[in-house]
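**Q** Sharing my_file-v1.cif below, mmCIF, C-alpha atoms:
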```
data_run
#
loop_
_atom_site.group_PDB
_atom_site.id
_atom_site.type_symbol
_atom_site.label_atom_id
_atom_site.label_comp_id
_atom_site.auth_asym_id
_atom_site.auth_seq_id
_atom_site.Cartn_x
_atom_site.Cartn_y
_atom_site.Cartn_z
ATOM 1 C CA MET A 93 283.177 197.457 369.687
ATOM 2 C CA HIS A 94 286.652 198.619 370.635
ATOM 3 C CA ALA A 95 289.598 198.732 368.250
ATOM 4 C CA THR A 96 293.117 197.785 369.242
ATOM 5 C CA THR A 97 295.496 200.745 369.361
ATOM 6 C CA LEU A 98 299.158 200.848 368.366
ATOM 7 C CA PRO A 99 301.620 203.448 369.756
ATOM 8 C CA MET A 100 301.687 206.819 368.036
ATOM 9 C CA PHE A 101 304.623 207.621 365.777
ATOM 10 C CA ASP A 102 306.654 210.746 365.129
ATOM 11 C CA GLU A 103 305.912 212.888 362.098
ATOM 12 C CA GLU A 104 308.108 210.669 359.944
ATOM 13 C CA SER A 105 308.779 206.934 360.257
ATOM 14 C CA PRO A 106 312.206 205.396 359.718
ATOM 15 C CA ALA A 107 312.295 204.093 356.165
ATOM 16 C CA GLY A 108 312.671 200.355 355.694
ATOM 17 C CA THR A 109 310.440 199.112 358.521
ATOM 18 C CA ARG A 110 307.860 196.601 357.292
ATOM 19 C CA GLU A 111 304.937 195.396 359.419
ATOM 20 C CA MET A 112 302.523 192.638 358.462
ATOM 21 C CA ILE A 113 299.054 193.586 359.744
ATOM 22 C CA ALA A 114 297.137 190.674 358.183
ATOM 23 C CA PRO A 115 297.827 187.951 355.606
ATOM 24 C CA GLY A 116 298.759 189.819 352.438
ATOM 25 C CA ALA A 117 298.618 193.223 354.165
ATOM 26 C CA TRP A 118 301.635 195.326 355.108
ATOM 27 C CA VAL A 119 302.548 198.759 356.409
ATOM 28 C CA LEU A 120 305.767 199.995 354.786
ATOM 29 C CA ARG A 121 307.061 202.694 357.103
ATOM 30 C CA GLY A 122 308.639 205.695 355.398
ATOM 31 C CA PHE A 123 308.555 203.975 352.021
ATOM 32 C CA ALA A 124 307.557 207.136 350.106
ATOM 33 C CA LEU A 125 309.832 209.607 351.889
ATOM 34 C CA ASP A 126 312.449 209.778 349.143
ATOM 35 C CA CYS A 127 309.910 210.904 346.526
ATOM 36 C CA ALA A 128 307.402 212.753 348.743
ATOM 37 C CA ASP A 129 308.319 216.217 347.431
ATOM 38 C CA GLU A 130 307.872 215.040 343.846
ATOM 39 C CA LEU A 131 304.537 213.389 344.679
ATOM 40 C CA LEU A 132 303.198 216.605 346.202
ATOM 41 C CA ALA A 133 304.357 218.651 343.209
ATOM 42 C CA GLU A 134 302.501 216.288 340.869
ATOM 43 C CA ILE A 135 299.347 216.537 343.003
ATOM 44 C CA LYS A 136 299.332 220.301 342.355
ATOM 45 C CA VAL A 137 299.523 219.703 338.604
ATOM 46 C CA ILE A 138 296.679 217.171 338.746
ATOM 47 C CA ASP A 139 294.585 219.546 340.867
ATOM 48 C CA PHE A 140 294.998 222.252 338.225
ATOM 49 C CA GLN A 141 293.701 219.917 335.491
ATOM 50 C CA SER A 142 290.981 218.113 337.502
ATOM 51 C CA PRO A 143 290.358 220.130 340.678
ATOM 52 C CA PHE A 144 289.582 218.561 344.028
ATOM 53 C CA ARG A 145 285.855 218.313 344.714
ATOM 54 C CA HIS A 146 283.483 216.961 347.365
ATOM 55 C CA LEU A 147 281.532 214.125 345.788
ATOM 56 C CA VAL A 148 277.962 213.188 346.645
ATOM 57 C CA THR A 149 277.042 209.629 347.634
ATOM 58 C CA PRO A 150 274.111 207.770 346.042
ATOM 59 C CA GLY A 151 272.224 208.502 349.261
ATOM 60 C CA GLY A 152 272.689 212.246 348.784
ATOM 61 C CA LYS A 153 275.372 212.882 351.425
ATOM 62 C CA THR A 154 278.341 215.102 350.580
ATOM 63 C CA MET A 155 281.696 213.507 351.372
ATOM 64 C CA SER A 156 283.847 215.470 353.816
ATOM 65 C CA VAL A 157 287.035 214.391 352.028
ATOM 66 C CA ALA A 158 287.836 216.244 348.798
ATOM 67 C CA MET A 159 289.106 214.110 345.955
ATOM 68 C CA THR A 160 290.336 213.890 342.382
ATOM 69 C CA ASN A 161 291.936 211.195 340.185
ATOM 70 C CA CYS A 162 294.635 210.472 337.676
ATOM 71 C CA GLY A 163 295.122 207.545 335.348
ATOM 72 C CA ALA A 164 293.231 205.840 332.541
ATOM 73 C CA VAL A 165 290.012 206.084 334.555
ATOM 74 C CA GLY A 166 288.822 207.905 337.661
ATOM 75 C CA TRP A 167 286.533 206.964 340.526
ATOM 76 C CA PHE A 168 283.386 209.059 340.794
ATOM 77 C CA SER A 169 280.192 209.200 342.837
ATOM 78 C CA ASP A 170 276.871 211.011 342.577
ATOM 79 C CA ARG A 171 273.194 210.199 343.050
ATOM 80 C CA ARG A 172 273.505 207.680 340.181
ATOM 81 C CA GLY A 173 275.993 205.551 342.095
ATOM 82 C CA TYR A 174 279.678 204.708 342.493
ATOM 83 C CA ARG A 175 281.593 204.049 339.268
ATOM 84 C CA TYR A 176 284.722 204.552 337.214
ATOM 85 C CA THR A 177 284.703 206.994 334.314
ATOM 86 C CA GLU A 178 287.187 207.632 331.515
ATOM 87 C CA VAL A 179 286.301 211.341 331.497
ATOM 88 C CA ASP A 180 286.144 213.731 334.440
ATOM 89 C CA PRO A 181 282.411 214.537 334.620
ATOM 90 C CA GLU A 182 283.153 218.038 335.937
ATOM 91 C CA THR A 183 285.626 219.090 333.219
ATOM 92 C CA GLY A 184 284.446 216.942 330.313
ATOM 93 C CA LYS A 185 288.081 215.976 329.670
ATOM 94 C CA PRO A 186 290.051 212.773 330.293
ATOM 95 C CA TRP A 187 291.516 212.425 333.754
ATOM 96 C CA PRO A 188 295.153 213.569 334.000
ATOM 97 C CA ALA A 189 297.717 210.924 333.094
ATOM 98 C CA MET A 190 299.314 209.110 336.003
ATOM 99 C CA PRO A 191 302.774 210.601 336.657
ATOM 100 C CA GLU A 192 305.722 208.259 336.289
ATOM 101 C CA VAL A 193 306.744 208.805 339.924
ATOM 102 C CA PHE A 194 303.283 207.587 340.991
ATOM 103 C CA VAL A 195 303.572 204.442 338.876
ATOM 104 C CA ARG A 196 307.096 203.686 340.053
ATOM 105 C CA LEU A 197 306.229 204.093 343.735
ATOM 106 C CA ALA A 198 303.078 201.950 343.473
ATOM 107 C CA ARG A 199 304.919 199.146 341.686
ATOM 108 C CA ASP A 200 307.845 199.202 344.112
ATOM 109 C CA ALA A 201 305.536 199.169 347.140
ATOM 110 C CA ALA A 202 303.448 196.302 345.746
ATOM 111 C CA ARG A 203 306.581 194.292 344.954
ATOM 112 C CA THR A 204 307.937 194.874 348.456
ATOM 113 C CA ALA A 205 304.666 193.527 349.863
ATOM 114 C CA GLY A 206 304.883 190.412 347.692
ATOM 115 C CA PHE A 207 302.776 191.450 344.689
ATOM 116 C CA ASP A 208 304.803 191.416 341.486
ATOM 117 C CA ASP A 209 303.861 192.911 338.097
ATOM 118 C CA TYR A 210 301.514 195.493 339.606
ATOM 119 C CA ALA A 211 300.078 197.839 336.973
ATOM 120 C CA PRO A 212 297.570 200.299 338.489
ATOM 121 C CA ASP A 213 295.345 202.143 336.030
ATOM 122 C CA VAL A 214 293.892 204.658 338.498
ATOM 123 C CA CYS A 215 295.041 206.691 341.480
ATOM 124 C CA LEU A 216 292.438 208.266 343.735
ATOM 125 C CA ILE A 217 293.796 211.353 345.498
ATOM 126 C CA ASN A 218 292.050 212.319 348.726
ATOM 127 C CA ARG A 219 292.621 215.629 350.521
ATOM 128 C CA TYR A 220 291.836 215.709 354.229
ATOM 129 C CA GLU A 221 291.340 218.831 356.304
ATOM 130 C CA PRO A 222 291.098 218.827 360.127
ATOM 131 C CA ASP A 223 288.088 216.836 361.367
ATOM 132 C CA THR A 224 287.440 215.182 357.998
ATOM 133 C CA ARG A 225 287.263 211.395 357.920
ATOM 134 C CA LEU A 226 286.663 208.428 355.649
ATOM 135 C CA THR A 227 283.961 206.085 356.861
ATOM 136 C CA LEU A 228 284.499 202.339 357.025
ATOM 137 C CA HIS A 229 284.188 200.776 353.560
ATOM 138 C CA ARG A 230 285.804 198.301 351.218
ATOM 139 C CA ASP A 231 286.970 198.818 347.642
ATOM 140 C CA GLN A 232 284.574 196.788 345.532
ATOM 141 C CA ASP A 233 283.996 198.741 342.320
ATOM 142 C CA GLU A 234 286.948 197.144 340.536
ATOM 143 C CA ARG A 235 286.417 194.383 337.967
ATOM 144 C CA ASP A 236 289.682 192.627 338.836
ATOM 145 C CA ARG A 237 290.150 192.210 342.582
ATOM 146 C CA ARG A 238 293.233 190.025 342.320
ATOM 147 C CA ALA A 239 295.467 193.104 342.317
ATOM 148 C CA PRO A 240 296.260 194.752 345.690
ATOM 149 C CA ILE A 241 295.453 198.241 346.933
ATOM 150 C CA VAL A 242 298.433 200.559 347.502
ATOM 151 C CA SER A 243 297.774 203.544 349.786
ATOM 152 C CA VAL A 244 300.291 206.365 350.366
ATOM 153 C CA SER A 245 300.118 208.889 353.237
ATOM 154 C CA LEU A 246 301.456 212.443 352.864
ATOM 155 C CA GLY A 247 301.247 215.375 355.261
ATOM 156 C CA VAL A 248 299.735 215.401 358.745
ATOM 157 C CA PRO A 249 299.244 212.068 360.571
ATOM 158 C CA ALA A 250 296.118 209.940 360.366
ATOM 159 C CA MET A 251 294.655 207.011 362.262
ATOM 160 C CA PHE A 252 293.887 204.273 359.754
ATOM 161 C CA LEU A 253 291.265 201.665 360.605
ATOM 162 C CA PHE A 254 291.883 198.191 359.192
ATOM 163 C CA GLY A 255 289.096 195.721 359.813
ATOM 164 C CA GLY A 256 287.965 192.335 358.590
ATOM 165 C CA LEU A 257 285.838 190.945 355.796
ATOM 166 C CA ALA A 258 282.632 191.946 357.605
ATOM 167 C CA ARG A 259 281.807 195.496 358.647
ATOM 168 C CA LYS A 260 281.211 194.409 362.259
ATOM 169 C CA ASP A 261 284.640 192.766 362.597
ATOM 170 C CA LEU A 262 287.176 194.185 365.030
ATOM 171 C CA GLN A 263 289.349 196.949 363.555
ATOM 172 C CA ARG A 264 292.997 197.673 364.194
ATOM 173 C CA ARG A 265 294.026 201.293 364.640
ATOM 174 C CA LEU A 266 297.184 202.017 362.678
ATOM 175 C CA PRO A 267 298.808 205.443 363.033
ATOM 176 C CA LEU A 268 300.144 206.590 359.675
ATOM 177 C CA VAL A 269 302.532 209.468 359.116
ATOM 178 C CA HIS A 270 304.123 211.262 356.180
ATOM 179 C CA GLY A 271 305.714 208.756 353.803
ATOM 180 C CA ASP A 272 304.035 205.599 355.103
ATOM 181 C CA VAL A 273 302.522 203.171 352.587
ATOM 182 C CA VAL A 274 299.915 200.464 353.233
ATOM 183 C CA VAL A 275 299.475 197.562 350.812
ATOM 184 C CA TRP A 276 296.736 194.961 351.082
ATOM 185 C CA GLY A 277 295.738 192.186 348.691
ATOM 186 C CA GLY A 278 295.229 188.449 348.417
ATOM 187 C CA GLU A 279 292.902 187.189 351.121
ATOM 188 C CA SER A 280 292.883 190.663 352.704
ATOM 189 C CA ARG A 281 291.904 192.510 349.513
ATOM 190 C CA MET A 282 288.262 192.956 350.530
ATOM 191 C CA ARG A 283 288.829 194.009 354.136
ATOM 192 C CA TYR A 284 286.970 197.021 355.473
ATOM 193 C CA HIS A 285 289.049 200.112 356.191
ATOM 194 C CA GLY A 286 288.654 203.807 356.945
ATOM 195 C CA VAL A 287 290.255 206.896 358.491
ATOM 196 C CA LEU A 288 289.308 208.512 361.801
ATOM 197 C CA PRO A 289 288.796 212.311 361.864
ATOM 198 C CA ILE A 290 292.069 214.106 361.162
ATOM 199 C CA LYS A 291 293.425 216.000 364.146
ATOM 200 C CA VAL A 292 294.514 219.610 363.927
ATOM 201 C CA GLY A 293 298.196 219.711 363.068
ATOM 202 C CA GLU A 294 300.821 221.242 360.835
ATOM 203 C CA HIS A 295 303.233 219.611 358.407
ATOM 204 C CA PRO A 296 306.081 221.607 356.812
ATOM 205 C CA LEU A 297 305.121 220.440 353.305
ATOM 206 C CA THR A 298 301.309 220.390 353.447
ATOM 207 C CA GLY A 299 300.333 222.720 356.304
ATOM 208 C CA PRO A 300 297.187 221.399 358.034
ATOM 209 C CA LEU A 301 296.365 218.962 355.226
ATOM 210 C CA ARG A 302 296.785 215.263 354.651
ATOM 211 C CA PHE A 303 296.887 213.768 351.156
ATOM 212 C CA ASN A 304 296.335 210.110 350.397
ATOM 213 C CA LEU A 305 297.140 208.353 347.128
ATOM 214 C CA THR A 306 295.164 205.150 346.582
ATOM 215 C CA PHE A 307 296.282 203.020 343.651
ATOM 216 C CA ARG A 308 293.971 200.382 342.193
ATOM 217 C CA VAL A 309 293.543 198.195 339.147
ATOM 218 C CA ALA A 310 290.024 199.145 338.101
ATOM 219 C CA ARG A 311 289.617 197.356 334.782
#
```
As structure tokens - that is how I would like this structure written.

**A**
Amino acid sequence: MHATTLPMFDEESPAGTREMIAPGAWVLRGFALDCADELLAEIKVIDFQSPFRHLVTPGGKTMSVAMTNCGAVGWFSDRRGYRYTEVDPETGKPWPAMPEVFVRLARDAARTAGFDDYAPDVCLINRYEPDTRLTLHRDQDERDRRAPIVSVSLGVPAMFLFGGLARKDLQRRLPLVHGDVVVWGGESRMRYHGVLPIKVGEHPLTGPLRFNLTFRVAR
């Protein structure tokens, strides 16, 4: 099954451009550019407290994307299954608190996409190296699925796959660059999505890496 392809973008998108990609789903081009430096600085602090790690799926596969969390809870996976935990299983300590700049950006992005009073309690932070990918999936471990997902791209570009409510549905290919934010909720909340393998590249702030912030309401 072939996915539709949109034109590639430059390393940064003009801020203020808003594209609806499905009912309740938007790409906010360049929305995070003004605070990108601060976001990356906070990621370093979070990494020091709860380092990036490659989680293992319930089926025993090691994820190619490295991840960590901040917020009241954190998303975790091992042979026991996917779940949210209040304590980082690898440090035995609570996950780092969510920085104010994270909260402010997530709320502003959600409001811009039509979702008011957004209050995320977790931010998953994914670190992509060249050739790493995120397989097609949907976010279904949250108790309250009325709240949208807010996803922030930092660093080298990525090709984001945005599908339908069934895994076999046609997927759109959406090129995302540094500062872009994707928000999806409402009738699109349970759509499948993923990231194609990251191409070799270089960004002045992150080198060859891409970081993704995914905000959710888990509880």

**Q** Between A:Gln141, A:Ser169, A:Thr298, A:Thr177, which has the minimum distance to Asp213 of chain A (counting only C-alpha atoms)?

**A** A:Thr177

**Q** Report, as AutoDock Vina command-line options, the centre and edge lengths in Å (one decimal) of the axis-aligned box enclosing every listed atom of segment 202-209 of chain A, padded by 6 Å on each side.

**A**
```
--center_x 305.4 --center_y 193.4 --center_z 344.0 --size_x 17.2 --size_y 17.9 --size_z 23.8
```

**Q** Using all atoms listed in the file, I'd like a table of the residues in segment 238-279 of chain A that come within 12 Å of segment 116-140 of chain A; for each, show the closest atom pair and its distance in Å rounded to one decimal, ordered by chain and ascending number, as a tab-separated table.

**A**
```
residue	atom	partner	partner_atom	distance
A:Arg238	CA	A:Gly116	CA	11.5
A:Ala239	CA	A:Gly116	CA	11.1
A:Pro240	CA	A:Gly116	CA	8.7
A:Ile241	CA	A:Ala117	CA	9.4
A:Val242	CA	A:Trp118	CA	9.8
A:Ser243	CA	A:Val119	CA	9.5
A:Val244	CA	A:Ala124	CA	7.3
A:Ser245	CA	A:Ala124	CA	8.3
A:Leu246	CA	A:Ala128	CA	7.2
A:Gly247	CA	A:Ala128	CA	9.3
A:Phe252	CA	A:Val119	CA	10.8
A:Phe254	CA	A:Ala117	CA	9.8
A:Gly255	CA	A:Ala117	CA	11.3
A:Gly256	CA	A:Ala117	CA	11.6
A:Leu266	CA	A:Val119	CA	8.9
A:Pro267	CA	A:Val119	CA	10.1
A:Leu268	CA	A:Arg121	CA	8.3
A:Val269	CA	A:Gly122	CA	8.1
A:His270	CA	A:Gly122	CA	7.2
A:Gly271	CA	A:Ala124	CA	4.4
A:Asp272	CA	A:Gly122	CA	4.6
A:Val273	CA	A:Leu120	CA	5.0
A:Val274	CA	A:Val119	CA	4.5
A:Val275	CA	A:Trp118	CA	5.3
A:Trp276	CA	A:Ala117	CA	4.0
A:Gly277	CA	A:Gly116	CA	5.4
A:Gly278	CA	A:Gly116	CA	5.5
A:Glu279	CA	A:Gly116	CA	6.6
```

**Q** Need to verify the contact set: Cys215 of chain A, 9 Å, only C-alpha atoms, exclusion of same-chain residues closer than 3 positions in sequence. Can you return it as a list in words?

**A**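 Surrounding residues, per the criterion: Thr160, Asn161, Cys162, Gly163, Val165, Gly166, Trp167, Met190, Phe194, Pro212, Leu305, Thr306, Phe307, Arg308 and Val309 of chain A.
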
**Q** Take atom CA of Ala205 of chain A and atom CA of Arg302 of chain A and report the distance between them in Å, one decimal.

**A**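 Between atom CA of Ala205 of chain A and atom CA of Arg302 of chain A the gap is 23.6 Å.
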
**Q** Kindly give the distance, in Å, that separates atom CA of Met251 of chain A and atom CA of Leu288 of chain A, rounded to a single decimal.

**A**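 If I compute the distance from atom CA of Met251 of chain A to atom CA of Leu288 of chain A, I get 5.6 Å.
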
**Q** Rank nothing, just name the residue among A:Glu104, A:Tyr210, A:Asp200, A:Ile217 nearest to Arg145 of chain A, using only C-alpha atoms.

**A**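 Once distances to Arg145 of chain A are computed over only C-alpha atoms, the minimum belongs to A:Ile217.
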
**Q** Which residues are near Lys185 of chain A? Cut-off 10 Å, all atoms listed in the file, ignore same chain within fewer than 5 positions. Put them as a list in words.

**A**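 So, after excluding close chain neighbours, the residues are Gln141, Ser142, Glu178, Val179 and Asp180 of chain A.
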
**Q** For a quick check of understanding, using all atoms listed in the file, which of A:Leu216, A:Met155, A:Ala202, A:Ala250 has the smallest distance to Arg265 of chain A?

**A**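 Of all the options, A:Ala250 lies closest to Arg265 of chain A.
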
**Q** For each of A:Asp223, A:Asp209, A:Glu192, A:Asp231, take the minimum atom-to-atom distance to Leu257 of chain A, counting all atoms listed in the file, then give the residue where this is smallest.

**A**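 Closest candidate: A:Asp231.
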